[in-house]
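This report concerns only the one structure given below.
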Amino acid sequence: MNILRYEPHNLFHSAFDRLADDLMGFLPTPTGEGFLPRVDIVDEGKQLALEVEVPGIEKDALKVEVHQGVLTISGEKQATKLEDNHKVHRSERVYGAFKRSFTLPDNVNGEEVQAAFKNGVLRITLPKRPELAPKVVEINA
Amino acid sequence: MNIVHYEPGRVINTALERLAEDLMGMFPQAQAPGRFVPSVDISEIGDSLILQLEVPGIEKDAIKVEVHQGVLTVSGEKKVERQSQGKGVYRSERVFGAFKRTFTLPDEVNPEQVTAKQENGVLTITLHKRPETKPRQVTISYKD
């Protein structure tokens, strides 16, 4: 997806808005079972930062890739295997394989991407390219 | 809430089903739109009752776990850590804020034996049930 302004958890975003978002595909929703991590994208001045919520995932189960201007985050969140005498009372957590891709704007440098994983949040930063002054072209007579 | 069998994560597939659940107020997350409510998985194995709450991005010491009079309370605050400058926020899906979830524990749970562990954004609370006690027969004193 392109990086556009989007705030589904604004207090004024009602259940109906959320339904509309789902139907229009703005909020990527899993079809059937599946897990989609929440992502925040923030402009931090000198760099663009993405924060991906992936609690309960091991670092080795995550993959971050930049290719041709597209950043892709993928991995799998595994549920703890239950033995026979293990009884489930409540299951709110969502599990499964996931993949989310973001088209990077031109002003970030995909080659110098950094990723850190802490407290179940994957933080990806991309430094911005210095602004290039417009190049004035001399017209030959 | 009481710990009863409940699996909203399994049955919610279509947007319509999710809307129905929201309207029925069964989703704790839907009852407080825009506020952070950690998802919880509760299971039981042997004599242990295990709760796993998702608390991504929360530092240690920012969560409090309390057991009092048969009620387990988990509270804390999920704070925004970054500083945004320039154009600010492009996309905001994460939810932040103070949270509190309470769980009424079954009688057999021993409040003295509670452990909690926070790892990779998941808080795991383990409680132990007292061994089953046989009913105690009371002798009736009789006077004629």
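In the structure tokens, the first chain shown is A, the next is B, and so on; residue numbers restart at 1 for each chain, and ligands run from 1 in the order shown.
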
Would you mind listing what lies within 9 Å of Ile50 (chain B) as number ranges by chain, with only C-alpha atoms counted and same-chain residues fewer than 2 positions away left out? B: 41-45, 48, 52, 124-128

So that I can check the surroundings of Lys99 (chain A), please list as a tab-separated table (two decimals) with C-alpha atoms, in the first residue's frame every protein, DNA and RNA residue that reaches within 7 Å of it, counting only C-alpha atoms and ignoring chain neighbours fewer than 5 positions away.
chain	number	residue	atom	x	y	z
A	72	THR	CA	7.97	-5.96	3.09
A	73	ILE	CA	7.58	-7.28	6.60
A	74	SER	CA	6.67	-10.92	6.99
A	75	GLY	CA	6.72	-13.70	9.53

Spatial neighbours of Leu126 (chain A), max dist 7 Å, only C-alpha atoms, sep filter under 6 positions, as a count of residues only: 9

Please, which residues of region 28-139 of chain A, numbered as in this document, come out strand (DSSP E or B) from DSSP, as a PyMOL selection string? chain A and resi 39-43+47-53+62-67+70-77+86-91+96-103+108+114-118+121-128

Which one of B:Glu132, B:Glu119, B:Asp144, B:Glu66 sits closest to chain A if you count only C-alpha atoms? B:Glu119

Pick the closest to chain A from B:Thr104, B:Ser75, B:Gln118, B:Gln113: which is it, counting only C-alpha atoms?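 Smallest separation from chain A among the options: B:Gln118.
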
Using only C-alpha atoms, which residues sit within 10 Å of Leu105 (chain B) once same-chain residues fewer than 4 positions away are excluded, as a list in words? Met1, Asn2, Ile3, Leu49, Val67, His68, Gln69, Gly70, Val71, Leu72, Val109, Asn110, Pro111, Leu127 and Lys129 of chain B

Could you tell me how far CA of Ala97 (chain A) lies from CA of Gln78 (chain A), in Å and to one decimal?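 CA of Gln78 (chain A) lies 8.1 Å from CA of Ala97 (chain A).
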
Would you mind reading off the distance between CA of Glu131 (chain A) and CA of Leu104 (chain A), one decimal, in Å?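 About the pair CA of Glu131 (chain A) and CA of Leu104 (chain A): they are 15.8 Å apart.
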
Counting only C-alpha atoms, which of A:Asn119, A:Thr125, A:Asn140, A:Thr103 gets nearest to chain B?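 Answer, going by the shortest atom-to-atom distance: A:Asn119.
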
CA of Lys118 (chain A) to CA of Gln68 (chain A) measures 27.3 Å

Report as a list in words all protein, DNA and RNA residues lying within 6 Å of Gly120 (chain A), evaluated on only C-alpha atoms, omitting residues in the same chain fewer than 3 positions from it.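 Skipping anything fewer than 3 positions along the chain leaves Val54 and Pro55 of chain A; Pro56, Asn120 and Gly121 of chain B.
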
Could the residues in this selection be written to a file with C-alpha atoms, as a PDB file, in the first residue's frame?
ATOM      1  CA  VAL A  54       4.226  -8.373  16.744  1.00  0.00           C
ATOM      2  CA  PRO A  55       3.962  -9.492  20.362  1.00  0.00           C
TER       3      PRO A  55
ATOM      4  CA  PRO B  56       3.557  -4.788  22.854  1.00  0.00           C
ATOM      5  CA  ASN B 120       8.592 -10.107  23.737  1.00  0.00           C
ATOM      6  CA  GLY B 121       5.551  -7.987  24.424  1.00  0.00           C
TER       7      GLY B 121
END
